[in-house]
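Chemist: Structure file entry26.pdb (PDB, C-alpha atoms and all ligand atoms) is given on the next line.
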```pdb
ATOM      1  CA  MET Z   1       9.657  16.351  27.825  1.00  0.00           C
ATOM      2  CA  ALA Z   2       6.680  14.229  26.904  1.00  0.00           C
ATOM      3  CA  THR Z   3       3.367  15.677  25.742  1.00  0.00           C
ATOM      4  CA  PRO Z   4       0.030  13.942  26.372  1.00  0.00           C
ATOM      5  CA  HIS Z   5       0.315  12.102  23.048  1.00  0.00           C
ATOM      6  CA  ILE Z   6       4.056  11.952  22.234  1.00  0.00           C
ATOM      7  CA  THR Z   7       6.798  10.450  24.436  1.00  0.00           C
ATOM      8  CA  ALA Z   8       9.869  11.367  22.351  1.00  0.00           C
ATOM      9  CA  GLU Z   9      12.815  13.107  24.017  1.00  0.00           C
ATOM     10  CA  PRO Z  10      13.665  16.680  22.940  1.00  0.00           C
ATOM     11  CA  GLY Z  11      15.611  16.544  19.678  1.00  0.00           C
ATOM     12  CA  ASP Z  12      14.314  13.062  18.818  1.00  0.00           C
ATOM     13  CA  ILE Z  13      11.925  14.362  16.160  1.00  0.00           C
ATOM     14  CA  ALA Z  14      13.231  15.984  12.961  1.00  0.00           C
ATOM     15  CA  GLU Z  15      12.115  19.453  11.844  1.00  0.00           C
ATOM     16  CA  LEU Z  16      10.549  17.818   8.750  1.00  0.00           C
ATOM     17  CA  VAL Z  17       7.698  15.338   9.256  1.00  0.00           C
ATOM     18  CA  LEU Z  18       5.804  13.122   6.804  1.00  0.00           C
ATOM     19  CA  MET Z  19       2.276  12.499   8.088  1.00  0.00           C
ATOM     20  CA  PRO Z  20       0.113   9.720   6.636  1.00  0.00           C
ATOM     21  CA  GLY Z  21      -3.259   9.029   8.259  1.00  0.00           C
ATOM     22  CA  ASP Z  22      -2.629   5.341   8.881  1.00  0.00           C
ATOM     23  CA  PRO Z  23      -0.151   4.271  11.607  1.00  0.00           C
ATOM     24  CA  LYS Z  24       0.743   1.089   9.663  1.00  0.00           C
ATOM     25  CA  ARG Z  25       1.576   3.234   6.631  1.00  0.00           C
ATOM     26  CA  ALA Z  26       3.800   5.370   8.855  1.00  0.00           C
ATOM     27  CA  GLN Z  27       5.725   2.260   9.903  1.00  0.00           C
ATOM     28  CA  ARG Z  28       6.127   1.165   6.271  1.00  0.00           C
ATOM     29  CA  ILE Z  29       7.398   4.617   5.307  1.00  0.00           C
ATOM     30  CA  ALA Z  30       9.913   4.404   8.176  1.00  0.00           C
ATOM     31  CA  GLU Z  31      11.066   0.940   7.055  1.00  0.00           C
ATOM     32  CA  THR Z  32      11.172   1.431   3.292  1.00  0.00           C
ATOM     33  CA  PHE Z  33      11.526   5.157   2.537  1.00  0.00           C
ATOM     34  CA  LEU Z  34      13.616   6.660   5.348  1.00  0.00           C
ATOM     35  CA  GLU Z  35      17.150   5.504   6.133  1.00  0.00           C
ATOM     36  CA  ASP Z  36      18.201   4.338   9.609  1.00  0.00           C
ATOM     37  CA  ALA Z  37      14.761   5.083  11.067  1.00  0.00           C
ATOM     38  CA  ARG Z  38      14.254   4.440  14.775  1.00  0.00           C
ATOM     39  CA  LEU Z  39      11.071   4.513  16.830  1.00  0.00           C
ATOM     40  CA  VAL Z  40      11.090   7.587  19.089  1.00  0.00           C
ATOM     41  CA  SER Z  41       7.504   7.608  20.392  1.00  0.00           C
ATOM     42  CA  ASP Z  42       4.642   5.125  20.586  1.00  0.00           C
ATOM     43  CA  VAL Z  43       1.444   6.265  22.274  1.00  0.00           C
ATOM     44  CA  ARG Z  44      -2.042   4.902  21.451  1.00  0.00           C
ATOM     45  CA  GLY Z  45      -0.633   2.927  18.531  1.00  0.00           C
ATOM     46  CA  ILE Z  46       0.632   6.107  16.834  1.00  0.00           C
ATOM     47  CA  GLY Z  47       4.360   5.534  16.381  1.00  0.00           C
ATOM     48  CA  CYS Z  48       6.845   8.238  15.428  1.00  0.00           C
ATOM     49  CA  TRP Z  49      10.057   7.230  13.617  1.00  0.00           C
ATOM     50  CA  THR Z  50      13.056   9.425  12.848  1.00  0.00           C
ATOM     51  CA  GLY Z  51      15.664   8.698  10.190  1.00  0.00           C
ATOM     52  CA  THR Z  52      17.039  10.493   7.154  1.00  0.00           C
ATOM     53  CA  TYR Z  53      15.932  11.080   3.566  1.00  0.00           C
ATOM     54  CA  GLN Z  54      18.628  11.989   1.060  1.00  0.00           C
ATOM     55  CA  GLY Z  55      20.877  12.734   4.023  1.00  0.00           C
ATOM     56  CA  THR Z  56      18.458  15.142   5.767  1.00  0.00           C
ATOM     57  CA  PRO Z  57      16.808  14.199   9.095  1.00  0.00           C
ATOM     58  CA  MET Z  58      13.131  13.390   8.569  1.00  0.00           C
ATOM     59  CA  SER Z  59      10.448  11.888  10.815  1.00  0.00           C
ATOM     60  CA  VAL Z  60       7.226  10.087  10.043  1.00  0.00           C
ATOM     61  CA  MET Z  61       4.180  10.027  12.300  1.00  0.00           C
ATOM     62  CA  ALA Z  62       0.539   9.188  11.572  1.00  0.00           C
ATOM     63  CA  SER Z  63      -2.289  11.663  12.150  1.00  0.00           C
ATOM     64  CA  GLY Z  64      -5.096   9.174  12.687  1.00  0.00           C
ATOM     65  CA  MET Z  65      -8.367  10.005  10.918  1.00  0.00           C
ATOM     66  CA  GLY Z  66     -10.038  13.408  10.891  1.00  0.00           C
ATOM     67  CA  ILE Z  67      -9.151  16.975  11.804  1.00  0.00           C
ATOM     68  CA  ALA Z  68      -9.661  16.372  15.541  1.00  0.00           C
ATOM     69  CA  SER Z  69      -7.018  13.642  15.666  1.00  0.00           C
ATOM     70  CA  LEU Z  70      -4.587  15.337  13.284  1.00  0.00           C
ATOM     71  CA  SER Z  71      -4.740  18.648  15.177  1.00  0.00           C
ATOM     72  CA  ILE Z  72      -3.509  16.989  18.380  1.00  0.00           C
ATOM     73  CA  TYR Z  73      -0.378  15.535  16.755  1.00  0.00           C
ATOM     74  CA  ALA Z  74       0.348  18.501  14.490  1.00  0.00           C
ATOM     75  CA  THR Z  75       0.033  21.022  17.340  1.00  0.00           C
ATOM     76  CA  GLU Z  76       2.241  19.014  19.723  1.00  0.00           C
ATOM     77  CA  LEU Z  77       4.872  18.512  16.993  1.00  0.00           C
ATOM     78  CA  PHE Z  78       4.943  22.189  16.006  1.00  0.00           C
ATOM     79  CA  ARG Z  79       4.621  23.671  19.503  1.00  0.00           C
ATOM     80  CA  PHE Z  80       6.690  21.339  21.689  1.00  0.00           C
ATOM     81  CA  TYR Z  81       9.067  19.450  19.380  1.00  0.00           C
ATOM     82  CA  GLY Z  82      10.348  22.254  17.147  1.00  0.00           C
ATOM     83  CA  VAL Z  83       8.855  20.769  13.988  1.00  0.00           C
ATOM     84  CA  LYS Z  84       8.927  23.320  11.160  1.00  0.00           C
ATOM     85  CA  ARG Z  85       7.165  21.514   8.338  1.00  0.00           C
ATOM     86  CA  ILE Z  86       4.588  18.725   8.118  1.00  0.00           C
ATOM     87  CA  CYS Z  87       3.555  17.142   4.839  1.00  0.00           C
ATOM     88  CA  ARG Z  88       0.398  15.062   4.917  1.00  0.00           C
ATOM     89  CA  VAL Z  89       0.650  12.164   2.511  1.00  0.00           C
ATOM     90  CA  GLY Z  90      -2.692  10.423   2.204  1.00  0.00           C
ATOM     91  CA  THR Z  91      -5.618   9.499   0.005  1.00  0.00           C
ATOM     92  CA  CYS Z  92      -8.723  11.333  -1.128  1.00  0.00           C
ATOM     93  CA  GLY Z  93     -11.916  10.722  -3.052  1.00  0.00           C
ATOM     94  CA  GLY Z  94     -12.141  12.446  -6.430  1.00  0.00           C
ATOM     95  CA  ILE Z  95     -14.764  15.218  -6.753  1.00  0.00           C
ATOM     96  CA  SER Z  96     -13.842  16.846 -10.092  1.00  0.00           C
ATOM     97  CA  SER Z  97     -14.177  14.946 -13.379  1.00  0.00           C
ATOM     98  CA  SER Z  98     -10.710  16.250 -14.220  1.00  0.00           C
ATOM     99  CA  VAL Z  99      -9.153  13.862 -11.685  1.00  0.00           C
ATOM    100  CA  LYS Z 100      -9.034  10.077 -11.966  1.00  0.00           C
ATOM    101  CA  VAL Z 101      -8.248   7.283  -9.546  1.00  0.00           C
ATOM    102  CA  ARG Z 102      -4.410   6.937  -9.234  1.00  0.00           C
ATOM    103  CA  ASP Z 103      -3.812  10.656  -9.932  1.00  0.00           C
ATOM    104  CA  VAL Z 104      -2.011  12.753  -7.323  1.00  0.00           C
ATOM    105  CA  ILE Z 105      -3.505  15.995  -5.968  1.00  0.00           C
ATOM    106  CA  ILE Z 106      -1.298  18.615  -4.329  1.00  0.00           C
ATOM    107  CA  GLY Z 107      -3.635  20.678  -2.161  1.00  0.00           C
ATOM    108  CA  ASN Z 108      -2.843  24.388  -2.409  1.00  0.00           C
ATOM    109  CA  ALA Z 109      -5.908  25.177  -0.270  1.00  0.00           C
ATOM    110  CA  ALA Z 110      -8.486  23.309   1.780  1.00  0.00           C
ATOM    111  CA  HIS Z 111     -12.198  24.072   2.100  1.00  0.00           C
ATOM    112  CA  THR Z 112     -13.890  22.553   5.128  1.00  0.00           C
ATOM    113  CA  ASN Z 113     -17.192  22.043   6.948  1.00  0.00           C
ATOM    114  CA  SER Z 114     -15.196  21.969  10.206  1.00  0.00           C
ATOM    115  CA  ASN Z 115     -15.212  24.874  12.661  1.00  0.00           C
ATOM    116  CA  VAL Z 116     -11.441  24.966  12.441  1.00  0.00           C
ATOM    117  CA  SER Z 117     -11.637  27.853   9.962  1.00  0.00           C
ATOM    118  CA  THR Z 118     -13.689  30.075  12.304  1.00  0.00           C
ATOM    119  CA  LEU Z 119     -12.613  29.120  15.854  1.00  0.00           C
ATOM    120  CA  TYR Z 120      -9.623  31.389  16.193  1.00  0.00           C
ATOM    121  CA  THR Z 121     -10.715  34.617  14.514  1.00  0.00           C
ATOM    122  CA  PRO Z 122     -14.289  35.577  15.489  1.00  0.00           C
ATOM    123  CA  GLY Z 123     -16.273  36.822  12.520  1.00  0.00           C
ATOM    124  CA  VAL Z 124     -13.603  35.677  10.073  1.00  0.00           C
ATOM    125  CA  THR Z 125     -13.367  32.520   8.003  1.00  0.00           C
ATOM    126  CA  MET Z 126      -9.646  31.826   7.700  1.00  0.00           C
ATOM    127  CA  SER Z 127      -8.246  30.852   4.310  1.00  0.00           C
ATOM    128  CA  LEU Z 128      -6.567  27.520   4.890  1.00  0.00           C
ATOM    129  CA  ALA Z 129      -3.651  27.318   2.502  1.00  0.00           C
ATOM    130  CA  ALA Z 130      -0.474  25.363   1.881  1.00  0.00           C
ATOM    131  CA  SER Z 131       3.024  26.734   2.397  1.00  0.00           C
ATOM    132  CA  PHE Z 132       4.122  28.367  -0.854  1.00  0.00           C
ATOM    133  CA  ASP Z 133       7.714  27.089  -0.620  1.00  0.00           C
ATOM    134  CA  MET Z 134       6.609  23.510   0.095  1.00  0.00           C
ATOM    135  CA  LEU Z 135       4.039  23.721  -2.688  1.00  0.00           C
ATOM    136  CA  ARG Z 136       6.626  24.957  -5.162  1.00  0.00           C
ATOM    137  CA  GLY Z 137       9.096  22.208  -4.155  1.00  0.00           C
ATOM    138  CA  ALA Z 138       6.449  19.501  -4.492  1.00  0.00           C
ATOM    139  CA  VAL Z 139       5.156  20.786  -7.838  1.00  0.00           C
ATOM    140  CA  ASP Z 140       8.693  21.085  -9.264  1.00  0.00           C
ATOM    141  CA  GLU Z 141       9.412  17.478  -8.255  1.00  0.00           C
ATOM    142  CA  ALA Z 142       6.078  16.245  -9.643  1.00  0.00           C
ATOM    143  CA  ARG Z 143       6.693  17.947 -12.999  1.00  0.00           C
ATOM    144  CA  SER Z 144      10.126  16.339 -13.282  1.00  0.00           C
ATOM    145  CA  MET Z 145       8.792  12.816 -12.665  1.00  0.00           C
ATOM    146  CA  ASP Z 146       7.451  10.143 -14.943  1.00  0.00           C
ATOM    147  CA  LEU Z 147       4.377   9.040 -13.020  1.00  0.00           C
ATOM    148  CA  GLY Z 148       3.965   5.850 -15.022  1.00  0.00           C
ATOM    149  CA  GLY Z 149       0.851   4.941 -17.006  1.00  0.00           C
ATOM    150  CA  GLU Z 150      -1.802   7.579 -17.340  1.00  0.00           C
ATOM    151  CA  ALA Z 151      -1.552   9.026 -13.837  1.00  0.00           C
ATOM    152  CA  ARG Z 152      -1.250  12.793 -13.560  1.00  0.00           C
ATOM    153  CA  VAL Z 153      -0.549  15.397 -10.907  1.00  0.00           C
ATOM    154  CA  HIS Z 154      -3.029  18.203 -10.195  1.00  0.00           C
ATOM    155  CA  VAL Z 155      -2.651  21.297  -8.023  1.00  0.00           C
ATOM    156  CA  GLY Z 156      -5.792  22.790  -6.524  1.00  0.00           C
ATOM    157  CA  ALA Z 157      -8.216  23.027  -3.634  1.00  0.00           C
ATOM    158  CA  VAL Z 158      -9.398  20.000  -1.702  1.00  0.00           C
ATOM    159  CA  TYR Z 159     -12.315  19.623   0.708  1.00  0.00           C
ATOM    160  CA  SER Z 160     -11.689  18.401   4.264  1.00  0.00           C
ATOM    161  CA  SER Z 161     -14.928  16.997   5.654  1.00  0.00           C
ATOM    162  CA  ASP Z 162     -15.672  16.103   9.261  1.00  0.00           C
ATOM    163  CA  PHE Z 163     -18.008  13.379   7.970  1.00  0.00           C
ATOM    164  CA  PHE Z 164     -16.916  10.426   5.862  1.00  0.00           C
ATOM    165  CA  TYR Z 165     -20.571   9.338   5.476  1.00  0.00           C
ATOM    166  CA  LEU Z 166     -22.301  12.718   5.009  1.00  0.00           C
ATOM    167  CA  GLY Z 167     -23.677  11.575   1.648  1.00  0.00           C
ATOM    168  CA  ARG Z 168     -24.809  15.055   0.512  1.00  0.00           C
ATOM    169  CA  ALA Z 169     -24.486  15.156  -3.278  1.00  0.00           C
ATOM    170  CA  ASP Z 170     -25.539  18.839  -3.281  1.00  0.00           C
ATOM    171  CA  VAL Z 171     -22.478  19.710  -1.191  1.00  0.00           C
ATOM    172  CA  THR Z 172     -20.018  17.878  -3.439  1.00  0.00           C
ATOM    173  CA  GLU Z 173     -21.745  19.249  -6.563  1.00  0.00           C
ATOM    174  CA  GLY Z 174     -21.327  22.789  -5.252  1.00  0.00           C
ATOM    175  CA  LEU Z 175     -17.700  22.152  -4.415  1.00  0.00           C
ATOM    176  CA  ASP Z 176     -17.123  20.628  -7.843  1.00  0.00           C
ATOM    177  CA  HIS Z 177     -18.643  23.753  -9.395  1.00  0.00           C
ATOM    178  CA  VAL Z 178     -16.053  25.957  -7.662  1.00  0.00           C
ATOM    179  CA  GLY Z 179     -13.170  23.776  -8.823  1.00  0.00           C
ATOM    180  CA  THR Z 180     -12.572  21.527  -5.811  1.00  0.00           C
ATOM    181  CA  LEU Z 181     -10.564  18.474  -6.825  1.00  0.00           C
ATOM    182  CA  GLY Z 182     -11.098  15.913  -4.059  1.00  0.00           C
ATOM    183  CA  VAL Z 183     -12.405  15.127  -0.572  1.00  0.00           C
ATOM    184  CA  GLU Z 184     -10.502  13.900   2.454  1.00  0.00           C
ATOM    185  CA  MET Z 185     -10.626  14.601   6.186  1.00  0.00           C
ATOM    186  CA  GLU Z 186      -7.429  16.275   7.434  1.00  0.00           C
ATOM    187  CA  ALA Z 187      -5.738  18.892   5.201  1.00  0.00           C
ATOM    188  CA  ALA Z 188      -7.741  21.905   6.464  1.00  0.00           C
ATOM    189  CA  GLY Z 189      -6.860  21.029  10.065  1.00  0.00           C
ATOM    190  CA  LEU Z 190      -3.188  20.735   9.167  1.00  0.00           C
ATOM    191  CA  TYR Z 191      -3.161  24.096   7.361  1.00  0.00           C
ATOM    192  CA  ALA Z 192      -4.954  25.726  10.318  1.00  0.00           C
ATOM    193  CA  CYS Z 193      -2.499  24.282  12.869  1.00  0.00           C
ATOM    194  CA  ALA Z 194       0.470  25.408  10.771  1.00  0.00           C
ATOM    195  CA  ALA Z 195      -0.965  28.934  10.579  1.00  0.00           C
ATOM    196  CA  LEU Z 196      -1.646  29.074  14.326  1.00  0.00           C
ATOM    197  CA  GLU Z 197       1.816  27.742  15.210  1.00  0.00           C
ATOM    198  CA  GLY Z 198       3.751  29.844  12.690  1.00  0.00           C
ATOM    199  CA  ALA Z 199       4.844  26.730  10.805  1.00  0.00           C
ATOM    200  CA  GLU Z 200       4.431  25.295   7.310  1.00  0.00           C
ATOM    201  CA  ALA Z 201       2.330  22.485   5.862  1.00  0.00           C
ATOM    202  CA  LEU Z 202       1.280  20.768   2.643  1.00  0.00           C
ATOM    203  CA  ALA Z 203      -0.978  17.858   1.658  1.00  0.00           C
ATOM    204  CA  VAL Z 204      -0.133  15.441  -1.175  1.00  0.00           C
ATOM    205  CA  LEU Z 205      -3.019  13.080  -1.865  1.00  0.00           C
ATOM    206  CA  THR Z 206      -3.450  10.013  -4.046  1.00  0.00           C
ATOM    207  CA  VAL Z 207      -6.959   9.678  -5.495  1.00  0.00           C
ATOM    208  CA  SER Z 208      -8.117   6.302  -4.152  1.00  0.00           C
ATOM    209  CA  ASP Z 209     -11.770   6.422  -5.255  1.00  0.00           C
ATOM    210  CA  HIS Z 210     -14.093   8.743  -7.161  1.00  0.00           C
ATOM    211  CA  LEU Z 211     -17.400  10.109  -5.865  1.00  0.00           C
ATOM    212  CA  LYS Z 212     -18.906  10.524  -9.346  1.00  0.00           C
ATOM    213  CA  ASP Z 213     -18.391   7.114 -10.845  1.00  0.00           C
ATOM    214  CA  GLY Z 214     -17.751   4.906  -7.829  1.00  0.00           C
ATOM    215  CA  SER Z 215     -14.425   3.779  -9.308  1.00  0.00           C
ATOM    216  CA  GLY Z 216     -11.783   2.832  -6.822  1.00  0.00           C
ATOM    217  CA  ASP Z 217     -10.378  -0.614  -7.285  1.00  0.00           C
ATOM    218  CA  MET Z 218      -6.618  -0.277  -7.273  1.00  0.00           C
ATOM    219  CA  SER Z 219      -4.567  -3.458  -6.919  1.00  0.00           C
ATOM    220  CA  ALA Z 220      -2.245  -3.656  -3.912  1.00  0.00           C
ATOM    221  CA  GLU Z 221       0.722  -3.255  -6.279  1.00  0.00           C
ATOM    222  CA  GLU Z 222      -0.789  -0.159  -7.908  1.00  0.00           C
ATOM    223  CA  ARG Z 223      -1.484   1.359  -4.508  1.00  0.00           C
ATOM    224  CA  GLU Z 224       2.141   0.868  -3.529  1.00  0.00           C
ATOM    225  CA  THR Z 225       3.528   2.364  -6.774  1.00  0.00           C
ATOM    226  CA  THR Z 226       1.179   5.325  -6.726  1.00  0.00           C
ATOM    227  CA  PHE Z 227       1.767   5.917  -3.054  1.00  0.00           C
ATOM    228  CA  GLY Z 228       5.538   5.863  -3.689  1.00  0.00           C
ATOM    229  CA  THR Z 229       5.084   8.661  -6.231  1.00  0.00           C
ATOM    230  CA  ALA Z 230       3.108  10.754  -3.740  1.00  0.00           C
ATOM    231  CA  LEU Z 231       5.750  10.122  -1.077  1.00  0.00           C
ATOM    232  CA  ARG Z 232       8.563  11.384  -3.299  1.00  0.00           C
ATOM    233  CA  ILE Z 233       6.552  14.502  -4.114  1.00  0.00           C
ATOM    234  CA  ALA Z 234       5.778  15.021  -0.405  1.00  0.00           C
ATOM    235  CA  ALA Z 235       9.417  14.583   0.639  1.00  0.00           C
ATOM    236  CA  ALA Z 236      10.489  17.099  -2.027  1.00  0.00           C
ATOM    237  CA  GLY Z 237       8.004  19.554  -0.525  1.00  0.00           C
ATOM    238  CA  LEU Z 238       9.555  19.040   2.921  1.00  0.00           C
ATOM    239  CA  LEU Z 239      13.093  19.501   1.582  1.00  0.00           C
ATOM    240  CA  ALA Z 240      12.287  22.578  -0.551  1.00  0.00           C
TER     241      ALA Z 240
HETATM  242  N1  LIG L 301     -14.198  10.828   1.641  1.00  0.00           N
HETATM  243  C1  LIG L 301     -13.449  11.250   2.650  1.00  0.00           C
HETATM  244  N2  LIG L 301     -12.193  10.900   2.794  1.00  0.00           N
HETATM  245  C2  LIG L 301     -11.659  10.076   1.886  1.00  0.00           C
HETATM  246  C3  LIG L 301     -12.393   9.612   0.805  1.00  0.00           C
HETATM  247  C4  LIG L 301     -13.728  10.013   0.676  1.00  0.00           C
HETATM  248  O1  LIG L 301     -14.431   9.623  -0.270  1.00  0.00           O
HETATM  249  N3  LIG L 301     -11.586   8.789   0.067  1.00  0.00           N
HETATM  250  C5  LIG L 301     -10.384   8.786   0.681  1.00  0.00           C
HETATM  251  N4  LIG L 301     -10.427   9.555   1.785  1.00  0.00           N
END
```
Kindly present the structure from the file in structure tokens form.
Modeler:
Amino acid sequence: MATPHITAEPGDIAELVLMPGDPKRAQRIAETFLEDARLVSDVRGIGCWTGTYQGTPMSVMASGMGIASLSIYATELFRFYGVKRICRVGTCGGISSSVKVRDVIIGNAAHTNSNVSTLYTPGVTMSLAASFDMLRGAVDEARSMDLGGEARVHVGAVYSSDFFYLGRADVTEGLDHVGTLGVEMEAAGLYACAALEGAEALAVLTVSDHLKDGSGDMSAEERETTFGTALRIAAAGLLA
């Protein structure tokens, strides 16, 4: 049973899926974070690997960039492969002064300039929100961890933009004013797909740059350590 974008056999993909944006990151997660991971699909350079994490079957598959790309993979996983939970594990730009580069943001809700919040329910803007159980599992794990250095974990709303280069300071200022923590390009699409498919989702994001001060230079080693923290939090959300 292949779909247009996934060639795995039925049962090849676990009910729990980690979803970074970058396909190379997905491969690294398969090789270094999951146990006994094997490649079960490879279409358009988007591989899907299935292995185990702490003894529980878990898959990893990239979303590509943006809501349009993510919604294809998330929908096919939920609708045709029996996936129950997807946790996005990616990066975001900081919007609020309360977050710093290297911090982790757990997105309990996602604002968006995408039509994804209005397409399905005419006249209604859907609230795009994380799964409560996944959120609780991720937050419990984050609070039990020593993040190292000064890095902290925040829980709050993120902004999923269809435009990386929109460059509208008035938009980000307004979002900052209503407590939005960071900007990325996928979480709202993931929360919408989960709602439409009767499934669950969460986004765990490492702050890789900050819109206010232009900071963003993390060394390769720091990126790896910080990303490892986010991965553990994300996996705890999937297992919760
Ligand atoms: N904008 C959108 N997506 C992002 C950013 C950003 O500044 N940083 C990381 N992902």
Chemist: Which one of Z:Ala240, Z:Met218, Z:Leu18, Z:Ile105 sits closest to Phe132 of chain Z if you count only C-alpha atoms?
Modeler: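 Ranked by minimum distance to Phe132 of chain Z, first place goes to Z:Ala240.
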Chemist: Have a look at Z:Val171, Z:Met19, Z:Ile95, Z:Leu239 and name the one nearest to ligand LIG 301 (chain L); count all atoms listed in the file.
Modeler: Z:Ile95
Chemist: Could you list, as an MDAnalysis selection string, every residue within 6 Å of segment 108-121 of chain Z, counting all atoms listed in the file and ignoring same-chain residues fewer than 3 positions away?
Modeler: chainID Z and resid 124:126 128:130 156:162 188
Chemist: If we count all atoms listed in the file and set the cut-off at 6 Å, which residues sit around segment 7-17 of chain Z, ignoring sequence neighbours fewer than 2 positions away in its own chain? Please answer as a list in words.
Modeler: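 Everything that qualifies: Met1, Ala2, Val40, Ser41, Pro57, Met58, Ser59, Val60, Val83, Lys84, Arg85 and Ile86 of chain Z.
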Chemist: Could you tell me, counting all atoms listed in the file, which protein and nucleic acid residues lie no more than 10 Å from ligand LIG 301 (chain L), written as a PDB file with C-alpha atoms, in the frame of the given file?
Modeler:
```
ATOM      1  CA  GLY Z  21      -3.259   9.029   8.259  1.00  0.00           C
ATOM      2  CA  MET Z  65      -8.367  10.005  10.918  1.00  0.00           C
ATOM      3  CA  GLY Z  66     -10.038  13.408  10.891  1.00  0.00           C
ATOM      4  CA  GLY Z  90      -2.692  10.423   2.204  1.00  0.00           C
ATOM      5  CA  THR Z  91      -5.618   9.499   0.005  1.00  0.00           C
ATOM      6  CA  CYS Z  92      -8.723  11.333  -1.128  1.00  0.00           C
ATOM      7  CA  GLY Z  93     -11.916  10.722  -3.052  1.00  0.00           C
ATOM      8  CA  GLY Z  94     -12.141  12.446  -6.430  1.00  0.00           C
ATOM      9  CA  ILE Z  95     -14.764  15.218  -6.753  1.00  0.00           C
ATOM     10  CA  TYR Z 159     -12.315  19.623   0.708  1.00  0.00           C
ATOM     11  CA  SER Z 160     -11.689  18.401   4.264  1.00  0.00           C
ATOM     12  CA  SER Z 161     -14.928  16.997   5.654  1.00  0.00           C
ATOM     13  CA  ASP Z 162     -15.672  16.103   9.261  1.00  0.00           C
ATOM     14  CA  PHE Z 163     -18.008  13.379   7.970  1.00  0.00           C
ATOM     15  CA  PHE Z 164     -16.916  10.426   5.862  1.00  0.00           C
ATOM     16  CA  TYR Z 165     -20.571   9.338   5.476  1.00  0.00           C
ATOM     17  CA  LEU Z 166     -22.301  12.718   5.009  1.00  0.00           C
ATOM     18  CA  GLY Z 167     -23.677  11.575   1.648  1.00  0.00           C
ATOM     19  CA  GLY Z 182     -11.098  15.913  -4.059  1.00  0.00           C
ATOM     20  CA  VAL Z 183     -12.405  15.127  -0.572  1.00  0.00           C
ATOM     21  CA  GLU Z 184     -10.502  13.900   2.454  1.00  0.00           C
ATOM     22  CA  MET Z 185     -10.626  14.601   6.186  1.00  0.00           C
ATOM     23  CA  GLU Z 186      -7.429  16.275   7.434  1.00  0.00           C
ATOM     24  CA  LEU Z 205      -3.019  13.080  -1.865  1.00  0.00           C
ATOM     25  CA  THR Z 206      -3.450  10.013  -4.046  1.00  0.00           C
ATOM     26  CA  VAL Z 207      -6.959   9.678  -5.495  1.00  0.00           C
ATOM     27  CA  SER Z 208      -8.117   6.302  -4.152  1.00  0.00           C
ATOM     28  CA  ASP Z 209     -11.770   6.422  -5.255  1.00  0.00           C
ATOM     29  CA  HIS Z 210     -14.093   8.743  -7.161  1.00  0.00           C
ATOM     30  CA  LEU Z 211     -17.400  10.109  -5.865  1.00  0.00           C
ATOM     31  CA  GLY Z 214     -17.751   4.906  -7.829  1.00  0.00           C
ATOM     32  CA  GLY Z 216     -11.783   2.832  -6.822  1.00  0.00           C
TER      33      GLY Z 216
END
```
Chemist: Go ahead and compute the interatomic distance for atom CA of Ile106 of chain Z and atom CA of Cys87 of chain Z, in Å to one decimal.
Modeler: 10.5 Å
Chemist: What is the atom CA of Ala236 of chain Z to atom CA of Val178 of chain Z distance in Å?
Modeler: 28.5 Å
Chemist: Smallest atom-to-atom distance to Ala68 of chain Z: which of Z:Thr3, Z:Gly189, Z:Tyr81, Z:Val153, using only C-alpha atoms?
Modeler: Z:Gly189
